[in-house]
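Structure file protein.txt (compact mmCIF, C-alpha atoms) follows.
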# COMPACT_ATOMS: atom_id res chain seq x y z
CA MET A 1 1.93 -27.36 -1.78
CA SER A 2 4.02 -29.82 -3.77
CA LEU A 3 6.46 -31.97 -1.82
CA HIS A 4 9.13 -30.79 -4.26
CA ALA A 5 8.83 -27.12 -3.35
CA PRO A 6 9.38 -25.30 -0.04
CA ASN A 7 6.38 -24.20 1.97
CA LEU A 8 5.13 -20.64 1.67
CA ASN A 9 6.94 -19.28 4.71
CA GLN A 10 10.24 -20.83 3.61
CA MET A 11 9.91 -19.26 0.18
CA LEU A 12 9.16 -15.85 1.67
CA GLN A 13 12.15 -16.13 4.00
CA GLN A 14 14.56 -17.07 1.22
CA LEU A 15 13.30 -14.44 -1.21
CA ILE A 16 13.76 -11.65 1.32
CA ALA A 17 17.15 -13.01 2.42
CA THR A 18 18.49 -12.84 -1.13
CA PRO A 19 19.64 -9.33 -2.17
CA SER A 20 18.59 -8.20 -5.65
CA MET A 21 18.85 -4.43 -5.73
CA SER A 22 18.95 -2.56 -9.02
CA SER A 23 19.99 1.06 -9.37
CA VAL A 24 21.15 3.56 -11.98
CA SER A 25 24.08 4.15 -9.58
CA PRO A 26 26.62 1.33 -10.08
CA GLU A 27 27.70 1.32 -6.44
CA PHE A 28 24.20 0.18 -5.39
CA ASP A 29 23.42 -2.12 -8.32
CA THR A 30 23.49 -5.90 -7.81
CA SER A 31 22.66 -9.01 -9.81
CA ASN A 32 19.24 -10.68 -9.55
CA ARG A 33 20.51 -14.12 -10.59
CA ALA A 34 20.38 -15.57 -7.07
CA VAL A 35 16.63 -14.82 -6.89
CA ILE A 36 16.10 -16.16 -10.43
CA ASP A 37 17.94 -19.36 -9.51
CA LEU A 38 15.81 -19.80 -6.38
CA LEU A 39 12.62 -19.43 -8.40
CA ALA A 40 13.89 -21.71 -11.16
CA ASN A 41 14.69 -24.50 -8.69
CA TRP A 42 11.34 -24.21 -6.92
CA LEU A 43 9.31 -24.02 -10.12
CA GLU A 44 11.10 -26.92 -11.79
CA GLY A 45 10.65 -29.00 -8.65
CA ALA A 46 6.93 -28.20 -8.67
CA GLY A 47 6.42 -29.31 -12.27
CA PHE A 48 6.84 -26.08 -14.24
CA GLU A 49 8.76 -25.80 -17.50
CA VAL A 50 11.33 -23.06 -16.85
CA GLU A 51 13.33 -20.83 -19.16
CA VAL A 52 16.02 -18.55 -17.72
CA MET A 53 16.96 -15.72 -20.10
CA PRO A 54 20.13 -13.69 -19.34
CA LEU A 55 19.90 -10.09 -20.49
CA ALA A 56 21.99 -9.31 -23.56
CA THR A 57 22.78 -5.88 -22.11
CA GLN A 58 23.65 -7.26 -18.65
CA PRO A 59 24.49 -10.99 -18.77
CA HIS A 60 24.81 -11.14 -14.98
CA LYS A 61 21.07 -10.47 -14.76
CA ALA A 62 18.18 -12.52 -16.14
CA ASN A 63 14.47 -12.90 -16.68
CA LEU A 64 12.59 -16.12 -15.97
CA LEU A 65 9.50 -17.44 -17.73
CA ALA A 66 7.87 -20.61 -16.40
CA SER A 67 4.83 -22.46 -17.74
CA TYR A 68 2.46 -24.86 -15.98
CA GLY A 69 0.18 -27.08 -18.02
CA LYS A 70 0.33 -27.94 -21.70
CA VAL A 71 1.45 -25.22 -24.12
CA ASP A 72 0.70 -25.62 -27.83
CA GLU A 73 0.40 -23.33 -30.83
CA ASN A 74 -3.19 -22.43 -29.90
CA SER A 75 -2.53 -21.69 -26.22
CA LYS A 76 -3.59 -18.32 -24.82
CA GLY A 77 -3.04 -18.51 -21.09
CA LEU A 78 -2.77 -16.41 -17.94
CA MET A 79 0.46 -14.96 -16.56
CA PHE A 80 1.38 -13.83 -13.05
CA ALA A 81 4.20 -11.33 -13.54
CA GLY A 82 6.53 -9.29 -11.40
CA HIS A 83 10.04 -7.93 -10.98
CA THR A 84 12.71 -9.58 -8.88
CA ASP A 85 14.65 -6.42 -8.07
CA THR A 86 14.24 -4.02 -5.17
CA VAL A 87 15.46 -0.48 -4.69
CA PRO A 88 18.51 0.17 -2.47
CA TYR A 89 17.89 0.80 1.22
CA ASP A 90 19.00 3.14 4.00
CA GLN A 91 20.38 0.85 6.70
CA HIS A 92 20.28 3.56 9.37
CA SER A 93 16.53 4.07 8.88
CA TRP A 94 15.50 0.44 9.31
CA HIS A 95 14.49 -1.00 12.68
CA HIS A 96 14.57 -4.54 11.26
CA ASP A 97 17.12 -6.41 9.17
CA PRO A 98 16.12 -5.67 5.55
CA PHE A 99 17.26 -9.18 4.54
CA LYS A 100 15.59 -11.17 7.29
CA LEU A 101 11.85 -11.83 7.18
CA THR A 102 10.62 -10.53 10.55
CA GLU A 103 7.09 -11.10 11.82
CA LYS A 104 5.79 -8.52 14.28
CA ASP A 105 2.40 -6.99 15.05
CA GLY A 106 0.64 -8.79 12.21
CA ARG A 107 3.22 -7.73 9.64
CA LEU A 108 6.08 -9.32 7.70
CA TYR A 109 9.00 -6.88 7.51
CA GLY A 110 11.77 -7.04 4.93
CA LEU A 111 13.06 -5.44 1.73
CA GLY A 112 10.80 -6.60 -1.09
CA THR A 113 7.90 -7.84 1.05
CA SER A 114 5.50 -5.31 -0.46
CA ASP A 115 7.35 -4.35 -3.64
CA MET A 116 7.30 -7.12 -4.67
CA LYS A 117 9.26 -10.36 -4.27
CA SER A 118 6.65 -11.90 -1.96
CA TYR A 119 4.25 -12.07 -4.90
CA PHE A 120 6.21 -14.92 -6.48
CA ALA A 121 5.73 -17.14 -3.45
CA LEU A 122 2.01 -16.35 -3.33
CA ALA A 123 1.64 -17.02 -7.05
CA MET A 124 3.32 -20.41 -6.68
CA GLU A 125 1.13 -21.23 -3.68
CA ALA A 126 -1.99 -20.50 -5.77
CA ALA A 127 -0.73 -22.41 -8.82
CA LEU A 128 0.03 -25.55 -6.88
CA ARG A 129 -3.56 -25.89 -5.76
CA PHE A 130 -4.00 -27.34 -9.24
CA LYS A 131 -2.42 -30.23 -11.12
CA PRO A 132 -1.02 -29.32 -14.55
CA GLU A 133 -3.31 -31.80 -16.30
CA GLN A 134 -6.33 -29.89 -14.96
CA LEU A 135 -5.42 -26.78 -16.94
CA LYS A 136 -7.06 -26.28 -20.32
CA GLN A 137 -4.97 -23.14 -20.83
CA PRO A 138 -1.44 -22.80 -19.43
CA LEU A 139 -0.41 -20.68 -16.48
CA PHE A 140 2.81 -18.68 -16.71
CA ILE A 141 4.98 -17.03 -14.08
CA LEU A 142 7.24 -14.21 -15.28
CA ALA A 143 10.08 -12.78 -13.18
CA THR A 144 11.98 -9.82 -14.62
CA ALA A 145 15.14 -7.87 -13.92
CA ASP A 146 15.71 -4.14 -13.44
CA GLU A 147 12.17 -2.77 -13.24
CA GLU A 148 13.38 -0.33 -10.60
CA SER A 149 16.10 1.10 -12.85
CA SER A 150 16.56 0.50 -16.58
CA MET A 151 13.50 -1.63 -17.48
CA ASP A 152 16.00 -3.82 -19.37
CA GLY A 153 14.14 -6.97 -18.33
CA ALA A 154 10.84 -5.76 -19.75
CA LEU A 155 12.53 -4.53 -22.91
CA ALA A 156 14.17 -7.94 -23.39
CA LEU A 157 10.79 -9.60 -23.00
CA VAL A 158 9.30 -7.40 -25.71
CA GLU A 159 12.07 -8.56 -28.05
CA ARG A 160 11.47 -12.21 -27.12
CA GLY A 161 7.68 -12.11 -27.16
CA CYS A 162 5.06 -14.07 -25.21
CA PRO A 163 2.80 -15.52 -27.93
CA HIS A 164 0.93 -17.92 -25.67
CA VAL A 165 -0.20 -15.36 -23.08
CA ARG A 166 -3.53 -13.52 -23.34
CA TYR A 167 -3.94 -12.06 -19.84
CA ALA A 168 -1.47 -10.91 -17.19
CA VAL A 169 -1.62 -9.86 -13.56
CA ILE A 170 1.39 -7.87 -12.32
CA GLY A 171 1.66 -8.13 -8.55
CA GLU A 172 2.82 -4.59 -7.77
CA PRO A 173 1.45 -3.18 -4.49
CA THR A 174 -2.17 -2.08 -5.00
CA GLY A 175 -3.74 -3.12 -1.69
CA LEU A 176 -5.59 -5.97 -3.48
CA LYS A 177 -7.57 -3.51 -5.59
CA PRO A 178 -7.28 -3.83 -9.37
CA VAL A 179 -5.53 -1.16 -11.43
CA ASN A 180 -6.12 -0.90 -15.17
CA ALA A 181 -4.47 2.45 -15.92
CA HIS A 182 -1.38 4.41 -14.95
CA LYS A 183 0.58 7.36 -16.23
CA GLY A 184 3.68 7.03 -18.36
CA ILE A 185 6.99 8.72 -17.69
CA MET A 186 9.76 10.24 -19.75
CA MET A 187 12.94 11.90 -18.42
CA GLU A 188 14.74 14.27 -20.76
CA SER A 189 17.88 16.39 -20.91
CA ILE A 190 18.27 19.64 -22.86
CA ARG A 191 21.80 21.02 -23.23
CA LEU A 192 22.54 24.45 -24.63
CA VAL A 193 25.97 25.57 -25.84
CA GLY A 194 26.78 29.24 -26.34
CA ARG A 195 30.12 31.07 -26.21
CA SER A 196 32.07 32.14 -23.17
CA GLY A 197 33.56 35.57 -22.69
CA HIS A 198 34.32 38.29 -20.15
CA SER A 199 31.19 39.35 -18.30
CA SER A 200 32.09 43.03 -18.60
CA ASN A 201 30.94 42.97 -22.22
CA PRO A 202 27.93 40.72 -23.04
CA ALA A 203 28.67 41.11 -26.75
CA LEU A 204 31.81 39.02 -26.29
CA GLY A 205 29.82 35.81 -25.75
CA VAL A 206 26.51 34.01 -26.01
CA ASN A 207 25.02 33.21 -22.61
CA ALA A 208 23.62 29.66 -22.46
CA LEU A 209 22.13 30.25 -19.02
CA GLU A 210 20.06 33.17 -20.27
CA ALA A 211 18.95 31.08 -23.24
CA MET A 212 17.87 28.27 -20.89
CA GLN A 213 15.44 30.55 -19.10
CA LEU A 214 13.73 30.99 -22.49
CA VAL A 215 13.54 27.21 -22.80
CA ILE A 216 12.03 26.86 -19.32
CA ALA A 217 9.43 29.54 -20.05
CA ASP A 218 8.55 27.83 -23.33
CA LEU A 219 8.23 24.41 -21.66
CA ILE A 220 5.93 25.91 -19.03
CA ASP A 221 3.77 27.35 -21.79
CA TRP A 222 3.76 23.96 -23.55
CA ARG A 223 2.86 22.23 -20.27
CA ASN A 224 -0.09 24.61 -19.80
CA GLY A 225 -1.31 23.69 -23.27
CA LEU A 226 -1.03 19.97 -22.56
CA GLN A 227 -2.95 20.35 -19.31
CA ALA A 228 -5.69 22.27 -21.11
CA LYS A 229 -5.93 19.55 -23.76
CA TYR A 230 -5.58 16.35 -21.72
CA ARG A 231 -7.49 15.46 -18.56
CA ASP A 232 -8.39 12.13 -16.95
CA ASP A 233 -10.35 12.38 -13.71
CA ARG A 234 -9.55 8.80 -12.74
CA PHE A 235 -6.19 10.12 -11.53
CA ALA A 236 -5.64 12.03 -8.29
CA VAL A 237 -3.64 14.50 -10.41
CA PRO A 238 -5.88 14.45 -13.49
CA VAL A 239 -3.54 16.25 -15.90
CA PRO A 240 -0.08 15.51 -17.32
CA THR A 241 2.71 17.00 -15.22
CA LEU A 242 6.16 18.32 -16.13
CA ASN A 243 8.73 18.80 -13.38
CA PHE A 244 12.06 20.63 -13.64
CA GLY A 245 14.37 18.55 -11.48
CA TYR A 246 17.94 19.65 -12.26
CA ILE A 247 19.82 22.55 -13.83
CA GLN A 248 23.55 23.20 -14.10
CA GLY A 249 25.50 25.77 -16.01
CA GLY A 250 28.53 28.03 -15.99
CA ASP A 251 31.58 28.06 -13.80
CA ASN A 252 32.14 31.60 -12.48
CA PRO A 253 30.09 34.77 -11.96
CA ASN A 254 32.43 36.88 -14.10
CA ARG A 255 32.38 34.60 -17.14
CA ILE A 256 29.60 34.44 -19.72
CA CYS A 257 28.04 31.02 -19.30
CA GLU A 258 28.98 28.78 -22.23
CA GLN A 259 26.96 25.66 -21.36
CA CYS A 260 23.78 24.91 -19.45
CA GLU A 261 21.90 21.65 -18.97
CA LEU A 262 18.33 21.04 -17.78
CA HIS A 263 16.72 17.74 -16.71
CA PHE A 264 12.97 17.28 -16.39
CA ASP A 265 10.36 14.56 -16.29
CA LEU A 266 6.91 14.39 -17.84
CA ARG A 267 4.12 12.13 -16.59
CA ALA A 268 1.83 11.37 -19.52
CA LEU A 269 -1.81 10.30 -19.40
CA PRO A 270 -3.21 7.33 -21.33
CA GLY A 271 -3.73 8.47 -24.90
CA MET A 272 -0.47 10.45 -24.98
CA ASP A 273 2.54 9.01 -26.81
CA LEU A 274 6.04 9.67 -25.51
CA GLU A 275 7.69 9.85 -28.92
CA VAL A 276 5.12 12.37 -30.14
CA LEU A 277 5.81 14.48 -27.04
CA ARG A 278 9.56 14.30 -27.59
CA GLN A 279 9.14 15.39 -31.20
CA GLN A 280 7.03 18.36 -30.14
CA ILE A 281 9.82 19.51 -27.79
CA ARG A 282 12.43 19.15 -30.55
CA GLU A 283 10.32 21.21 -32.92
CA ARG A 284 9.95 23.95 -30.32
CA LEU A 285 13.70 24.01 -29.69
CA HIS A 286 14.42 24.16 -33.41
CA SER A 287 12.02 27.05 -33.87
CA MET A 288 13.43 28.90 -30.87
CA PHE A 289 17.10 28.71 -31.88
CA LYS A 290 17.10 28.38 -35.68
CA HIS A 291 18.38 31.96 -36.05
CA SER A 292 20.50 31.94 -32.89
CA ALA A 293 24.16 31.29 -32.12
CA ILE A 294 22.98 28.88 -29.43
CA ARG A 295 23.45 25.21 -30.26
CA TRP A 296 21.05 22.76 -28.59
CA GLN A 297 21.02 19.04 -27.89
CA MET A 298 18.21 16.93 -26.46
CA HIS A 299 18.46 13.33 -25.32
CA SER A 300 16.43 10.95 -23.21
CA LEU A 301 17.83 10.04 -19.80
CA CYS A 302 15.96 6.73 -20.06
CA GLN A 303 13.81 5.11 -22.70
CA GLY A 304 10.67 5.99 -20.76
CA THR A 305 7.53 3.98 -20.09
CA GLN A 306 4.31 4.54 -21.97
CA PRO A 307 1.00 4.98 -20.09
CA LEU A 308 -1.11 1.89 -19.37
CA HIS A 309 -4.79 1.58 -20.15
CA THR A 310 -6.55 -1.78 -20.28
CA HIS A 311 -10.17 -1.37 -21.27
CA ALA A 312 -12.77 -1.85 -18.55
CA ASP A 313 -14.57 -4.46 -20.63
CA SER A 314 -11.52 -6.75 -20.79
CA PRO A 315 -12.29 -10.13 -19.17
CA ILE A 316 -9.26 -9.83 -16.87
CA VAL A 317 -10.44 -6.44 -15.57
CA GLN A 318 -13.97 -7.71 -15.03
CA ALA A 319 -12.80 -10.89 -13.31
CA ALA A 320 -10.51 -8.95 -10.99
CA GLU A 321 -13.28 -6.51 -10.11
CA HIS A 322 -15.63 -9.41 -9.37
CA HIS A 323 -13.23 -11.29 -7.10
CA CYS A 324 -11.84 -8.16 -5.40
CA HIS A 325 -15.28 -6.56 -4.91
CA ALA A 326 -13.71 -3.29 -6.11
CA HIS A 327 -13.74 -1.23 -9.28
CA ALA A 328 -10.54 -0.97 -11.29
CA HIS A 329 -8.84 2.38 -10.82
CA ALA A 330 -5.88 4.45 -12.00
CA VAL A 331 -2.58 5.14 -10.22
CA ALA A 332 0.30 7.55 -10.73
CA PHE A 333 3.21 5.10 -10.47
CA CYS A 334 4.63 3.22 -13.47
CA THR A 335 4.93 -0.53 -13.99
CA GLU A 336 5.98 -3.02 -16.65
CA GLY A 337 2.36 -3.23 -17.75
CA PRO A 338 2.76 -1.17 -20.96
CA TYR A 339 5.47 -3.55 -22.19
CA LEU A 340 3.10 -6.52 -21.80
CA SER A 341 0.36 -4.51 -23.50
CA GLU A 342 2.76 -3.95 -26.41
CA LEU A 343 2.83 -7.74 -26.78
CA GLY A 344 -0.97 -7.87 -27.08
CA ILE A 345 -1.52 -9.01 -23.49
CA ASP A 346 -4.46 -7.56 -21.52
CA THR A 347 -2.74 -6.51 -18.30
CA ILE A 348 -3.85 -5.39 -14.86
CA ILE A 349 -1.85 -4.42 -11.79
CA LEU A 350 -2.99 -6.24 -8.65
CA GLY A 351 -0.93 -7.18 -5.63
CA PRO A 352 -1.13 -7.59 -1.85
CA GLY A 353 1.24 -4.83 -0.79
CA ASP A 354 0.56 -1.12 -0.36
CA ILE A 355 2.31 1.50 -2.46
CA ASP A 356 2.84 3.56 0.72
CA GLN A 357 5.24 0.81 1.84
CA ALA A 358 7.20 0.67 -1.39
CA HIS A 359 10.72 2.15 -1.26
CA GLN A 360 10.30 2.91 2.47
CA PRO A 361 12.32 1.90 5.53
CA ASP A 362 10.73 -1.00 7.42
CA GLU A 363 8.81 -2.11 4.33
CA TYR A 364 6.22 -4.69 5.28
CA LEU A 365 3.41 -6.90 4.04
CA ALA A 366 0.37 -7.32 6.29
CA LEU A 367 -0.19 -10.94 7.26
CA ASP A 368 -3.91 -10.66 6.65
CA ARG A 369 -3.26 -10.01 2.95
CA ILE A 370 -1.57 -13.35 2.32
CA ALA A 371 -4.49 -15.81 2.35
CA PRO A 372 -6.83 -13.50 0.37
CA THR A 373 -4.13 -13.01 -2.27
CA VAL A 374 -3.60 -16.74 -2.72
CA ASP A 375 -7.38 -17.27 -2.92
CA LEU A 376 -7.73 -14.45 -5.45
CA LEU A 377 -4.97 -15.78 -7.70
CA ALA A 378 -6.45 -19.28 -7.49
CA ASN A 379 -9.83 -17.90 -8.55
CA LEU A 380 -8.22 -16.23 -11.57
CA ILE A 381 -6.56 -19.53 -12.50
CA ARG A 382 -9.96 -21.22 -12.36
CA ARG A 383 -11.48 -18.51 -14.53
CA PHE A 384 -8.82 -18.34 -17.24
CA CYS A 385 -7.06 -21.73 -17.19
CA LEU A 386 -9.70 -24.29 -16.21

What do you get writing this file as structure tokens?
Amino acid sequence: MSLHAPNLNQMLQQLIATPSMSSVSPEFDTSNRAVIDLLANWLEGAGFEVEVMPLATQPHKANLLASYGKVDENSKGLMFAGHTDTVPYDQHSWHHDPFKLTEKDGRLYGLGTSDMKSYFALAMEAALRFKPEQLKQPLFILATADEESSMDGALALVERGCPHVRYAVIGEPTGLKPVNAHKGIMMESIRLVGRSGHSSNPALGVNALEAMQLVIADLIDWRNGLQAKYRDDRFAVPVPTLNFGYIQGGDNPNRICEQCELHFDLRALPGMDLEVLRQQIRERLHSMFKHSAIRWQMHSLCQGTQPLHTHADSPIVQAAEHHCHAHAHAVAFCTEGPYLSELGIDTIILGPGDIDQAHQPDEYLALDRIAPTVDLLANLIRRFCL
């Protein structure tokens, strides 16, 4: 470790001690700048070139991109990437202080140990086994904002671009087994507007709640068609799923319901495009209500994340499989991987934590994962940068 950077344990302690929660609920949402500033100071002290990029949509939050080794117009290097934010926490469910790194029974407890602030310290530890002049291709470290909520950090990176990166390893919790595919997600709202009236005479109004049951039945039929058409046995649930998560409508039993709103999510397989799926839903709604007094609106509750699929013959997949002694596999959870793929970067998901620990009380990282992770990342640096 460089004399200008803290040791590994100090970095882990400070990362966990620094809150950086993101949430779609403003009362739980916090800035990530304190974590970004920590990383920037450490990386600059260790010889990295560092760029801190505040988000245009949320200037109190930022991404960080740091490079190690010479970068020129022909560079195509390796990037270790991750998000700086955590989810909120339930204080009453924790037996340890979420913001104090606690070692017990071969585990390091703390919010973000597994998902996934610890990864930055391990990536730095691996990088600093090498001097920058040894690298024939540069090494990058990317730290983003708001992966757990809006994906604004990843979206800002897509706008900025990463022209000198060819391969990326996102350190989300995978139990040190490489992941090259995951499902995408979209969350949508459909709102129907009819006409209220006295319930004693249905002809006096147009019932939006009754119309919504037609929408639900049609979406179920559409879902059945998608599941018949698309299947990928790499996934534990090998078909696309559509879940109805929320419905609200009306205000009183004796009034014809004027408005009704439905929220649902769809988990798409690789090979399915979210915008195509949204357009199919719009076309079905148009066909259903084109001769009806019902007015409909559809909007996305979030931009959504496309599925990830990095081909098995990609050098980064093959190198990870070789060093992990495990085949790349598919997972159900989403990551920032598709945004890096959009930039032309071959991306895998590979980190020391376990997804079963993510978003859980008493989140922890097993101590016996630390040294193998640093060794693995160092081996990838040798393969792609030396």

What lies within 12 Å of A:Ala228 using all atoms listed in the file, ignoring chain neighbours under 5 positions off, as a PyMOL selection string?
chain A and resi 221-223+238-241

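Take the candidates A:His311, A:Asp354, A:Ser199, A:Val24 and check each one against A:Asn252 using only C-alpha atoms; the shortest distance goes to A:Ser199.
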
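The space separating atom CA of A:His286 from atom CA of A:Gln306 comes to 24.9 Å.
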
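Rounded to one decimal, atom CA of A:Lys183 and atom CA of A:Leu308 lie 6.5 Å from each other.
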
How many Å separate atom CA of A:Thr57 from atom CA of A:Ser149?
13.4 Å

Pick out the residues sitting within 12 Å of A:Leu285, and hand them over as a ChimeraX atom specification; count all atoms listed in the file, and ignore anything fewer than 6 positions along from it in its own chain.
/A:190-192,211-212,214-219,222,278-279,291-292,294-298

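For the point (16.3, -4.9, -18.9) in file coordinates, the residues within 10 Å, using only C-alpha atoms, are Pro54, Leu55, Ala56, Thr57, Gln58, Lys61, Ala62, Asn63, Thr144, Ala145, Asp146, Glu147, Glu148, Ser149, Ser150, Met151, Asp152, Gly153, Ala154, Leu155, Ala156 and Leu157 of chain A.
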